Each structure stands twice: as structure tokens, then as C-alpha cells.
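Chemist: This one is my_file-v3.txt, compact mmCIF, C-alpha atoms and all ligand atoms.
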# COMPACT_ATOMS: atom_id res chain seq x y z
CA MET A 1 4.89 165.11 114.65
CA THR A 2 8.18 164.44 112.87
CA LEU A 3 8.73 162.56 109.59
CA ASP A 4 9.52 159.27 111.34
CA GLN A 5 6.32 159.51 113.41
CA LEU A 6 4.02 159.70 110.38
CA PRO A 7 1.65 156.73 109.93
CA PRO A 8 2.30 154.23 107.11
CA LEU A 9 1.20 155.58 103.70
CA ARG A 10 -1.72 153.16 103.40
CA GLU A 11 -3.02 154.37 106.75
CA SER A 12 -2.67 158.04 105.72
CA LEU A 13 -4.73 157.32 102.59
CA GLU A 14 -7.42 155.59 104.68
CA GLN A 15 -7.51 158.37 107.28
CA HIS A 16 -8.20 160.89 104.51
CA GLY A 17 -10.64 158.60 102.65
CA LEU A 18 -8.55 158.77 99.46
CA LEU A 19 -8.90 156.36 96.55
CA ALA A 20 -6.89 156.50 93.33
CA LYS A 21 -8.51 158.23 90.34
CA LYS A 22 -7.76 156.98 86.86
CA ALA A 23 -8.20 160.40 85.25
CA PHE A 24 -5.16 161.69 87.19
CA GLY A 25 -2.98 158.69 86.29
CA GLN A 26 -2.82 157.71 89.97
CA HIS A 27 -0.72 154.62 90.69
CA PHE A 28 0.92 154.95 94.08
CA LEU A 29 4.18 153.68 95.54
CA LEU A 30 3.34 152.79 99.12
CA ASP A 31 6.59 150.95 99.95
CA LEU A 32 9.10 153.38 101.42
CA ASN A 33 11.99 151.02 100.61
CA ILE A 34 11.25 151.60 96.93
CA THR A 35 10.81 155.37 97.21
CA ARG A 36 14.04 155.63 99.24
CA LYS A 37 15.87 153.77 96.49
CA ILE A 38 14.53 156.23 93.89
CA ALA A 39 15.69 159.14 96.07
CA ARG A 40 19.18 157.56 96.37
CA LEU A 41 19.39 157.14 92.58
CA ALA A 42 18.71 160.88 92.22
CA GLY A 43 22.10 161.56 93.88
CA PRO A 44 23.06 163.58 96.97
CA LEU A 45 20.02 165.67 97.89
CA GLU A 46 21.11 167.34 101.13
CA GLY A 47 20.27 171.04 100.84
CA ARG A 48 19.12 170.71 97.21
CA THR A 49 15.79 171.98 95.90
CA VAL A 50 13.74 169.23 94.29
CA ILE A 51 10.63 169.74 92.19
CA GLU A 52 8.39 166.72 92.56
CA VAL A 53 5.43 166.43 90.22
CA GLY A 54 2.44 164.49 91.51
CA PRO A 55 3.32 163.70 95.16
CA GLY A 56 -0.09 161.99 95.66
CA PRO A 57 0.05 160.29 99.08
CA GLY A 58 3.65 161.48 99.49
CA GLY A 59 5.73 158.26 99.54
CA LEU A 60 8.45 159.65 97.30
CA THR A 61 8.10 163.05 99.00
CA ARG A 62 8.89 161.47 102.38
CA ALA A 63 12.01 159.80 100.95
CA LEU A 64 13.22 163.07 99.37
CA LEU A 65 12.70 164.93 102.66
CA GLU A 66 14.51 162.20 104.64
CA ALA A 67 17.44 162.64 102.25
CA GLY A 68 17.64 166.30 103.28
CA ALA A 69 16.08 167.96 100.22
CA ARG A 70 13.86 171.01 100.17
CA VAL A 71 10.87 169.82 98.14
CA VAL A 72 8.42 171.80 96.06
CA ALA A 73 5.63 169.33 95.31
CA VAL A 74 3.22 170.18 92.49
CA GLU A 75 -0.04 168.20 92.74
CA LYS A 76 -3.04 168.71 90.47
CA ASP A 77 -5.56 166.73 92.53
CA PRO A 78 -6.82 169.00 95.36
CA ARG A 79 -8.03 165.98 97.38
CA PHE A 80 -4.42 165.27 98.40
CA VAL A 81 -3.68 168.72 99.84
CA PRO A 82 -4.82 168.06 103.46
CA LEU A 83 -2.72 164.86 103.64
CA LEU A 84 0.28 166.67 102.13
CA GLU A 85 -0.15 169.54 104.59
CA GLU A 86 0.42 167.08 107.45
CA LEU A 87 3.62 166.00 105.73
CA ALA A 88 4.65 169.64 105.27
CA GLU A 89 4.18 170.23 108.97
CA ALA A 90 6.23 167.15 109.86
CA SER A 91 8.98 168.33 107.50
CA GLY A 92 9.57 171.46 109.57
CA GLY A 93 9.26 173.79 106.58
CA ALA A 94 11.22 171.73 104.04
CA LEU A 95 8.12 170.94 101.95
CA THR A 96 6.10 173.44 99.93
CA ILE A 97 2.88 172.24 98.32
CA VAL A 98 1.67 173.81 95.11
CA GLN A 99 -1.78 172.72 93.98
CA ALA A 100 -1.55 173.19 90.20
CA ASP A 101 -1.13 171.56 86.82
CA ALA A 102 2.61 170.90 86.44
CA LEU A 103 2.40 171.68 82.72
CA LYS A 104 1.51 175.26 83.60
CA VAL A 105 3.81 176.13 86.53
CA ASP A 106 6.88 178.35 86.28
CA GLU A 107 9.60 176.16 87.82
CA ALA A 108 12.16 178.99 87.92
CA GLN A 109 9.87 180.86 90.27
CA LEU A 110 9.23 177.76 92.39
CA ALA A 111 12.75 176.32 92.58
CA GLY A 112 15.18 179.05 91.52
CA GLY A 113 18.12 178.43 89.24
CA ASP A 114 19.56 175.09 90.31
CA GLY A 115 16.71 172.76 91.14
CA LEU A 116 16.36 169.16 90.04
CA VAL A 117 13.29 167.05 89.28
CA VAL A 118 12.45 163.72 90.88
CA ALA A 119 9.01 162.31 90.12
CA ASN A 120 6.82 159.29 89.59
CA LEU A 121 5.05 160.93 86.67
CA PRO A 122 1.41 160.57 85.70
CA TYR A 123 1.50 158.61 82.43
CA ASN A 124 -0.75 160.96 80.50
CA VAL A 125 1.52 164.00 80.87
CA GLY A 126 4.95 162.39 81.31
CA THR A 127 6.28 163.08 77.82
CA PRO A 128 5.05 166.71 77.53
CA LEU A 129 6.60 167.42 80.94
CA LEU A 130 9.91 165.90 79.86
CA ILE A 131 9.93 168.02 76.68
CA LYS A 132 9.13 171.11 78.78
CA TRP A 133 12.17 170.48 81.02
CA LEU A 134 14.45 169.56 78.11
CA THR A 135 13.62 172.50 75.86
CA GLY A 136 11.93 175.13 78.02
CA PRO A 137 13.42 178.19 79.66
CA TRP A 138 13.93 176.39 83.01
CA ARG A 139 16.44 173.54 82.89
CA PRO A 140 16.80 171.23 85.89
CA THR A 141 20.34 170.19 86.92
CA SER A 142 19.18 166.56 86.65
CA MET A 143 15.96 164.59 86.27
CA SER A 144 15.06 161.20 87.77
CA LEU A 145 11.71 160.28 86.31
CA MET A 146 9.46 157.24 86.47
CA PHE A 147 7.78 156.44 83.17
CA GLN A 148 6.04 153.48 81.59
CA LYS A 149 8.90 151.08 80.74
CA GLU A 150 8.23 151.48 77.04
CA VAL A 151 8.66 155.28 77.24
CA ALA A 152 11.79 154.91 79.42
CA ASP A 153 13.28 152.59 76.78
CA ARG A 154 12.51 155.10 74.02
CA ILE A 155 14.27 157.91 75.92
CA ALA A 156 17.47 155.88 76.37
CA ALA A 157 17.39 153.82 73.13
CA PRO A 158 20.65 153.58 71.15
CA VAL A 159 20.67 154.11 67.37
CA GLY A 160 19.32 151.08 65.52
CA ALA A 161 17.22 149.78 68.43
CA ASP A 162 13.49 149.24 67.81
CA ALA A 163 12.69 151.90 70.41
CA TYR A 164 15.05 154.48 68.79
CA GLY A 165 13.10 157.52 67.61
CA ARG A 166 12.38 161.19 68.02
CA LEU A 167 12.08 161.21 71.84
CA GLY A 168 15.45 159.47 72.24
CA VAL A 169 17.27 161.74 69.78
CA ILE A 170 15.98 164.93 71.41
CA SER A 171 16.60 163.65 74.96
CA GLN A 172 20.11 162.36 74.17
CA ALA A 173 21.09 165.53 72.26
CA ILE A 174 20.57 167.45 75.51
CA CYS A 175 21.19 164.93 78.30
CA ARG A 176 22.98 161.71 79.14
CA CYS A 177 20.07 159.27 79.56
CA ARG A 178 20.13 156.00 81.50
CA VAL A 179 17.44 153.60 82.71
CA VAL A 180 18.48 153.17 86.36
CA MET A 181 15.66 151.11 87.85
CA ASP A 182 12.91 148.78 86.61
CA LEU A 183 9.70 148.25 88.55
CA PRO A 184 6.98 145.67 87.90
CA ALA A 185 3.34 146.81 87.71
CA LYS A 186 2.62 145.08 91.05
CA ALA A 187 4.86 147.56 92.89
CA PHE A 188 2.08 150.17 92.47
CA THR A 189 -1.33 150.57 94.11
CA PRO A 190 -3.47 150.10 92.08
CA PRO A 191 -1.20 148.30 89.59
CA PRO A 192 -1.14 149.80 86.08
CA LYS A 193 -1.34 147.54 82.99
CA VAL A 194 2.38 147.87 82.19
CA ALA A 195 5.77 147.83 83.90
CA SER A 196 7.60 151.06 84.76
CA ALA A 197 11.19 152.29 84.89
CA VAL A 198 13.14 155.24 86.26
CA VAL A 199 15.25 157.20 83.79
CA ARG A 200 18.00 159.48 84.98
CA LEU A 201 18.80 162.40 82.67
CA ASP A 202 21.91 164.52 83.25
CA PRO A 203 22.44 167.59 81.02
CA LEU A 204 25.51 167.42 78.76
CA GLU A 205 28.24 169.96 79.51
CA THR A 206 27.70 171.76 76.21
CA PRO A 207 24.09 171.27 75.15
CA PRO A 208 22.98 172.52 71.70
CA SER A 209 21.66 176.09 71.42
CA ALA A 210 17.91 176.76 71.58
CA GLU A 211 17.97 177.43 67.84
CA VAL A 212 19.55 174.05 67.06
CA ILE A 213 17.07 172.29 69.36
CA THR A 214 14.16 173.91 67.48
CA ALA A 215 15.68 172.72 64.18
CA LEU A 216 16.27 169.25 65.69
CA GLU A 217 12.57 169.03 66.63
CA LYS A 218 11.65 169.79 63.00
CA VAL A 219 14.16 167.37 61.44
CA THR A 220 13.28 164.48 63.76
CA ALA A 221 9.51 165.04 63.30
CA ALA A 222 9.93 164.78 59.51
CA ALA A 223 12.47 161.93 59.53
CA PHE A 224 10.68 159.67 62.05
CA GLY A 225 7.22 160.69 60.80
CA GLN A 226 8.03 158.54 57.77
CA ARG A 227 10.68 156.29 59.28
CA ARG A 228 10.58 153.66 56.51
CA LYS A 229 11.39 156.24 53.81
CA MET A 230 14.85 157.40 52.75
CA LEU A 231 15.85 160.76 54.20
CA ARG A 232 16.00 162.37 50.73
CA SER A 233 12.23 161.82 50.62
CA SER A 234 11.15 162.19 54.30
CA LEU A 235 13.15 165.43 54.60
CA LYS A 236 12.03 166.78 51.22
CA GLN A 237 10.22 169.83 52.69
CA LEU A 238 13.36 170.74 54.65
CA GLY A 239 15.85 170.45 51.80
CA GLY A 240 15.99 166.69 51.07
CA ALA A 241 19.20 165.35 49.55
CA ALA A 242 20.93 168.77 49.57
CA LEU A 243 20.34 169.15 53.31
CA CYS A 244 21.72 165.62 53.89
CA GLU A 245 24.83 166.35 51.83
CA THR A 246 25.56 169.58 53.77
CA ALA A 247 25.33 167.48 56.96
CA ALA A 248 27.50 164.67 55.54
CA ILE A 249 24.58 162.20 55.80
CA ASP A 250 23.76 159.60 53.14
CA PRO A 251 20.43 160.78 51.61
CA ASP A 252 19.48 157.15 50.92
CA ALA A 253 19.73 156.23 54.63
CA ARG A 254 16.67 155.84 56.86
CA ALA A 255 16.04 157.74 60.10
CA GLU A 256 16.64 154.76 62.40
CA THR A 257 20.26 154.41 61.19
CA ILE A 258 21.28 158.04 61.88
CA ASP A 259 22.89 158.59 65.28
CA VAL A 260 22.27 161.61 67.52
CA ALA A 261 25.41 163.39 66.24
CA GLY A 262 24.10 162.91 62.68
CA PHE A 263 20.73 164.42 63.57
CA LEU A 264 22.51 167.34 65.21
CA ARG A 265 24.47 167.94 61.97
CA LEU A 266 21.17 167.91 60.04
CA ALA A 267 19.68 170.40 62.54
CA GLU A 268 22.72 172.67 62.22
CA ALA A 269 22.56 172.45 58.42
CA LEU A 270 18.89 173.44 58.54
N1 LIG B 301 4.27 160.28 93.61
C1 LIG B 301 3.16 159.44 94.00
C2 LIG B 301 3.64 158.04 94.24
O1 LIG B 301 4.72 157.70 93.75
O2 LIG B 301 2.95 157.29 94.95
C3 LIG B 301 2.01 159.47 92.99
C4 LIG B 301 2.39 159.13 91.58
S1 LIG B 301 1.01 158.97 90.49
C5 LIG B 301 1.73 157.96 89.22
C6 LIG B 301 0.93 160.53 89.63
C7 LIG B 301 0.52 161.75 90.47
O3 LIG B 301 0.51 162.91 89.61
C8 LIG B 301 -0.86 161.69 91.07
O4 LIG B 301 -0.80 162.10 92.41
C9 LIG B 301 -1.71 162.67 90.23
O5 LIG B 301 -2.78 163.25 90.94
C10 LIG B 301 -0.67 163.70 89.86
N2 LIG B 301 -0.94 164.44 88.62
C11 LIG B 301 -1.61 164.02 87.50
N3 LIG B 301 -1.59 164.96 86.54
C12 LIG B 301 -0.88 166.02 87.06
C13 LIG B 301 -0.51 167.29 86.55
N4 LIG B 301 -0.84 167.68 85.31
N5 LIG B 301 0.19 168.12 87.35
C14 LIG B 301 0.54 167.75 88.61
N6 LIG B 301 0.22 166.55 89.14
C15 LIG B 301 -0.48 165.69 88.38
Before we go any further, please render this structure as C-alpha cells.
Modeler:
Amino acid sequence: MTLDQLPPLRESLEQHGLLAKKAFGQHFLLDLNITRKIARLAGPLEGRTVIEVGPGPGGLTRALLEAGARVVAVEKDPRFVPLLEELAEASGGALTIVQADALKVDEAQLAGGDGLVVANLPYNVGTPLLIKWLTGPWRPTSMSLMFQKEVADRIAAPVGADAYGRLGVISQAICRCRVVMDLPAKAFTPPPKVASAVVRLDPLETPPSAEVITALEKVTAAAFGQRRKMLRSSLKQLGGAALCETAAIDPDARAETIDVAGFLRLAEAL
């Protein structure tokens, strides 16, 4: 069987007697037009190695394979392995299935140096996975990730926006972040309670050093942990007004008014 001879996704699920489990954050995309659009938004994939977290029934996996990618699909739920093995066979060796918790895998070993990530992430582990890829030893060349809309908005929020906070500052200090696609809850089976969106993250040419990122994590945790307070008070443990002055930041300002460059100066000063 080849990729284009595979049965529709709904049929594959039925054949294998698979129903979504809440504990695994399973909300499936069964419309290949949507998964193909996500694959297109991830850029040219011919010959590239893609890590996909949570392939589930494999709708996005099929689209990535059709686009010519080599896919390493990391799925925690063992029930999906037999279905995914059929897809691997149809892919003629382009798909590798890894049954594991994506939080624990070593992506460098799975994908080598220049892999990218494309995934419809399980909601419960989406943010920890993003932080792992932003700050960990393995850095993807780009990420196209489906999150709850509210999380997607936080990642891409500009300074001053309601959604602006720690996740946005850390993400934008390392990557260019854009919401590239919105999807209503009804696009998923079963539908979740909230809408979703795909964020595309492309690493900046000169990202901050690991040391500065560690300092940035500390500064943003303190500043946004008490976001209504002035920085001289919320950053007291880290140097307060003196730290702000070294970074050319007004100590009477509040976290939500400091842009990413300002937070990077605070991290460097620390
Ligand atoms: N990609 C599929 C789609 O778009 O139809 C499924 C997406 S569903 C939102 C999330 C998938 O992630 C599920 O298949 C779930 O079993 C899997 N998953 C949940 N937690 C995981 C983890 N820690 N590591 C790897 N996969 C996980």
C-alpha cells in the first residue's frame, strides 16, 4: 500500500478500535486539507527531518510525508502503534515511530543536528515541550506548533498586550514568533473546549547565550510573578533598583511595559 491508498483517517481509527483518551490530550485532526495546510505553513519539507510529537491517528504525519519529509513521530499512547506501523510501511521507510514520552526523548539522537518540529501538541505538555526546545541542548531549525489559542497568543504577544508575559518574552528573545493559523474547536475530533492556533517559531540569527537565557528565566519569573508591582520591588531579590539602573530600565516601571530587549538588558545585567 502507498500513502494515497490508505483509508480515510476515520476509517483507520475504526479499523483499530481506537477512541480518544482525555488523559493523553487527544483531539484529532481528521481532515487532510487542514493537516496539509499546517504542513505547508511549516515551509519546504522535501528531504528535511521532522520531529512530530503525538501523531495519534497520523493525519498530520500523512501530510508531512506527502510533502517529502522524513518523519520521526514520538507517540506516548501505545494503542496507536499498530495503526502508525501501517503508515510507516506505506511511507516506504520515511516514517520512524518512537513510542515514548516526548518530554524524555533525546531529539539530537532521533533527528540529528538540523531537524525541525511540526506538531499538534497535547495541551497538558505543550508549554514544557516548547521550553525544552527553546532552551535545551537540541534546538530545532524551526517549530510549527498547534496550541490552545490562548497559549499561542501569549507566545506571540507584543509588549503591553494583555497576553504579554514570561512565555512571550522567553520565546521572542530566542525566536521570531507568529500565529500563522487559527482553528475553531469544531475542527477537532472530539472538539476541545477552546479554539486552537498554530504558532511558527523561527530562531533569531544571533540568539542569546545559554547563560543569558538562564538569567532571563529568573528575571521574568520574578517580574511577572508580581506583575502589578514596580520592578524595584518585584526584582528586589535580584538587585532591585540598582539592577534596573545598570540595564537602563526605569525601576518604577511594571513588567508589562518592558519590551523583550529591555528584559534581555536586565538578564545581561544580572
Ligand atoms: N497529531 C494528531 C492529530 O493532529 O490528529 C494528534 C494530536 S492530539 C492533540 C495529541 C497527541 O499527543 C495524542 O496522540 C497523544 O496521545 C499524544 N501525547 C500526549 N502526551 C504525549 C507525550 N508526553 N509524548 C508524546 N505524545 C504524547
Chemist: Measure the distance from CA of Pro251 (chain A) to CA of Arg265 (chain A) in Å and round it to one decimal.
Modeler: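 Separation of CA of Pro251 (chain A) and CA of Arg265 (chain A): 13.2 Å.
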Chemist: What does the structure give for the distance between CA of Val50 (chain A) and CA of Leu29 (chain A), in Å to one decimal?
Modeler: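 Computed distance, CA of Val50 (chain A) to CA of Leu29 (chain A), equals 18.3 Å.
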Chemist: CA of Asp202 (chain A) and CA of Ser142 (chain A), how far apart in Å?
Modeler: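 These two atoms are separated by 4.8 Å.
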Chemist: Report as CSV: every residue of chain A with an atom at most 6 Å from ligand LIG 301 (chain B), its closest pair of atoms, and their distance in Å to one decimal, counting only C-alpha atoms and all ligand atoms, with rows sorted by chain and ascending residue number.
Modeler:
residue,atom,partner,partner_atom,distance
A:Phe24,CA,B:LIG301,C11,4.3
A:Gly25,CA,B:LIG301,C6,5.5
A:Gln26,CA,B:LIG301,S1,4.1
A:His27,CA,B:LIG301,C5,4.4
A:Phe28,CA,B:LIG301,O2,3.2
A:Leu29,CA,B:LIG301,O2,3.9
A:Val53,CA,B:LIG301,C14,5.3
A:Gly54,CA,B:LIG301,O3,3.1
A:Pro55,CA,B:LIG301,N1,3.9
A:Gly56,CA,B:LIG301,O4,3.3
A:Pro57,CA,B:LIG301,O2,5.9
A:Gly58,CA,B:LIG301,C1,5.9
A:Gly59,CA,B:LIG301,O2,5.5
A:Leu60,CA,B:LIG301,O1,5.5
A:Val74,CA,B:LIG301,C14,5.3
A:Glu75,CA,B:LIG301,N6,4.0
A:Lys76,CA,B:LIG301,N6,4.1
A:Asp77,CA,B:LIG301,O5,4.7
A:Asp101,CA,B:LIG301,N5,3.7
A:Ala102,CA,B:LIG301,N5,3.8
A:Leu103,CA,B:LIG301,N4,5.8
A:Asn120,CA,B:LIG301,C4,4.9
A:Leu121,CA,B:LIG301,C6,5.1
A:Pro122,CA,B:LIG301,C6,4.0
Chemist: Just checking: using all atoms listed in the file, which residue out of A:Leu41, A:Val105, A:Leu6, A:Leu19 ends up closest to Leu84 (chain A)?
Modeler: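 Answer, going by the shortest atom-to-atom distance: A:Leu6.
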Chemist: Find the residues around Leu264 (chain A) up to 9 Å (only C-alpha atoms counted), leave out those fewer than 2 positions away in its own chain, and share them as an MDAnalysis selection string.
Modeler: chainID A and resid 169 173 208 212:213 215:216 247 259:262 266:269
Chemist: With C-alpha atoms retained, could you export that selection as a PDB file, keeping the file's coordinate frame?
Modeler:
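So out.pdb came out as:
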ATOM      1  CA  VAL A 169      17.270 161.740  69.780  1.00  0.00           C
ATOM      2  CA  ALA A 173      21.090 165.530  72.260  1.00  0.00           C
ATOM      3  CA  PRO A 208      22.980 172.520  71.700  1.00  0.00           C
ATOM      4  CA  VAL A 212      19.550 174.050  67.060  1.00  0.00           C
ATOM      5  CA  ILE A 213      17.070 172.290  69.360  1.00  0.00           C
ATOM      6  CA  ALA A 215      15.680 172.720  64.180  1.00  0.00           C
ATOM      7  CA  LEU A 216      16.270 169.250  65.690  1.00  0.00           C
ATOM      8  CA  ALA A 247      25.330 167.480  56.960  1.00  0.00           C
ATOM      9  CA  ASP A 259      22.890 158.590  65.280  1.00  0.00           C
ATOM     10  CA  VAL A 260      22.270 161.610  67.520  1.00  0.00           C
ATOM     11  CA  ALA A 261      25.410 163.390  66.240  1.00  0.00           C
ATOM     12  CA  GLY A 262      24.100 162.910  62.680  1.00  0.00           C
ATOM     13  CA  LEU A 266      21.170 167.910  60.040  1.00  0.00           C
ATOM     14  CA  ALA A 267      19.680 170.400  62.540  1.00  0.00           C
ATOM     15  CA  GLU A 268      22.720 172.670  62.220  1.00  0.00           C
ATOM     16  CA  ALA A 269      22.560 172.450  58.420  1.00  0.00           C
TER      17      ALA A 269
END
Chemist: Which residue out of A:Ala255, A:Ala111, A:Cys175, A:Glu205 has the minimum interatomic distance to Lys229 (chain A) when all atoms listed in the file are used?
Modeler: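 Looking only at the distances to Lys229 (chain A), the closest residue turns out to be A:Ala255.
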Chemist: Point out the residue among A:Arg10, A:Arg79, A:Arg62, A:Arg228 with the least atom-to-atom distance to Asn33 (chain A), counting all atoms listed in the file.
Modeler: A:Arg62
Chemist: Can you build me a table of region 72-158 of chain A residues sitting at most 6 Å from region 190-198 of chain A, with the closest atom pair per residue and its distance in Å to one decimal, using all atoms listed in the file, sorted by chain and residue number, as a Markdown table?
Modeler:
| residue | atom | partner | partner_atom | distance |
| --- | --- | --- | --- | --- |
| A:Leu145 | CA | A:Val198 | CA | 5.2 |
| A:Met146 | CA | A:Val198 | CA | 4.2 |
| A:Phe147 | CA | A:Ser196 | CA | 5.6 |
| A:Gln148 | CA | A:Ser196 | CA | 4.3 |
| A:Lys149 | CA | A:Ser196 | CA | 4.2 |
Chemist: Looking at A:Val71, A:Ala108, A:Ile51, A:Leu270, which one is nearest to Thr214 (chain A), with distances taken over all atoms listed in the file?
Modeler: A:Leu270
Chemist: Using all atoms listed in the file, which of the listed residues (A:Thr61, A:Thr246, A:Ser171, A:Thr189) sits closest to Thr220 (chain A)?
Modeler: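 The closest residue to Thr220 (chain A) is A:Ser171.
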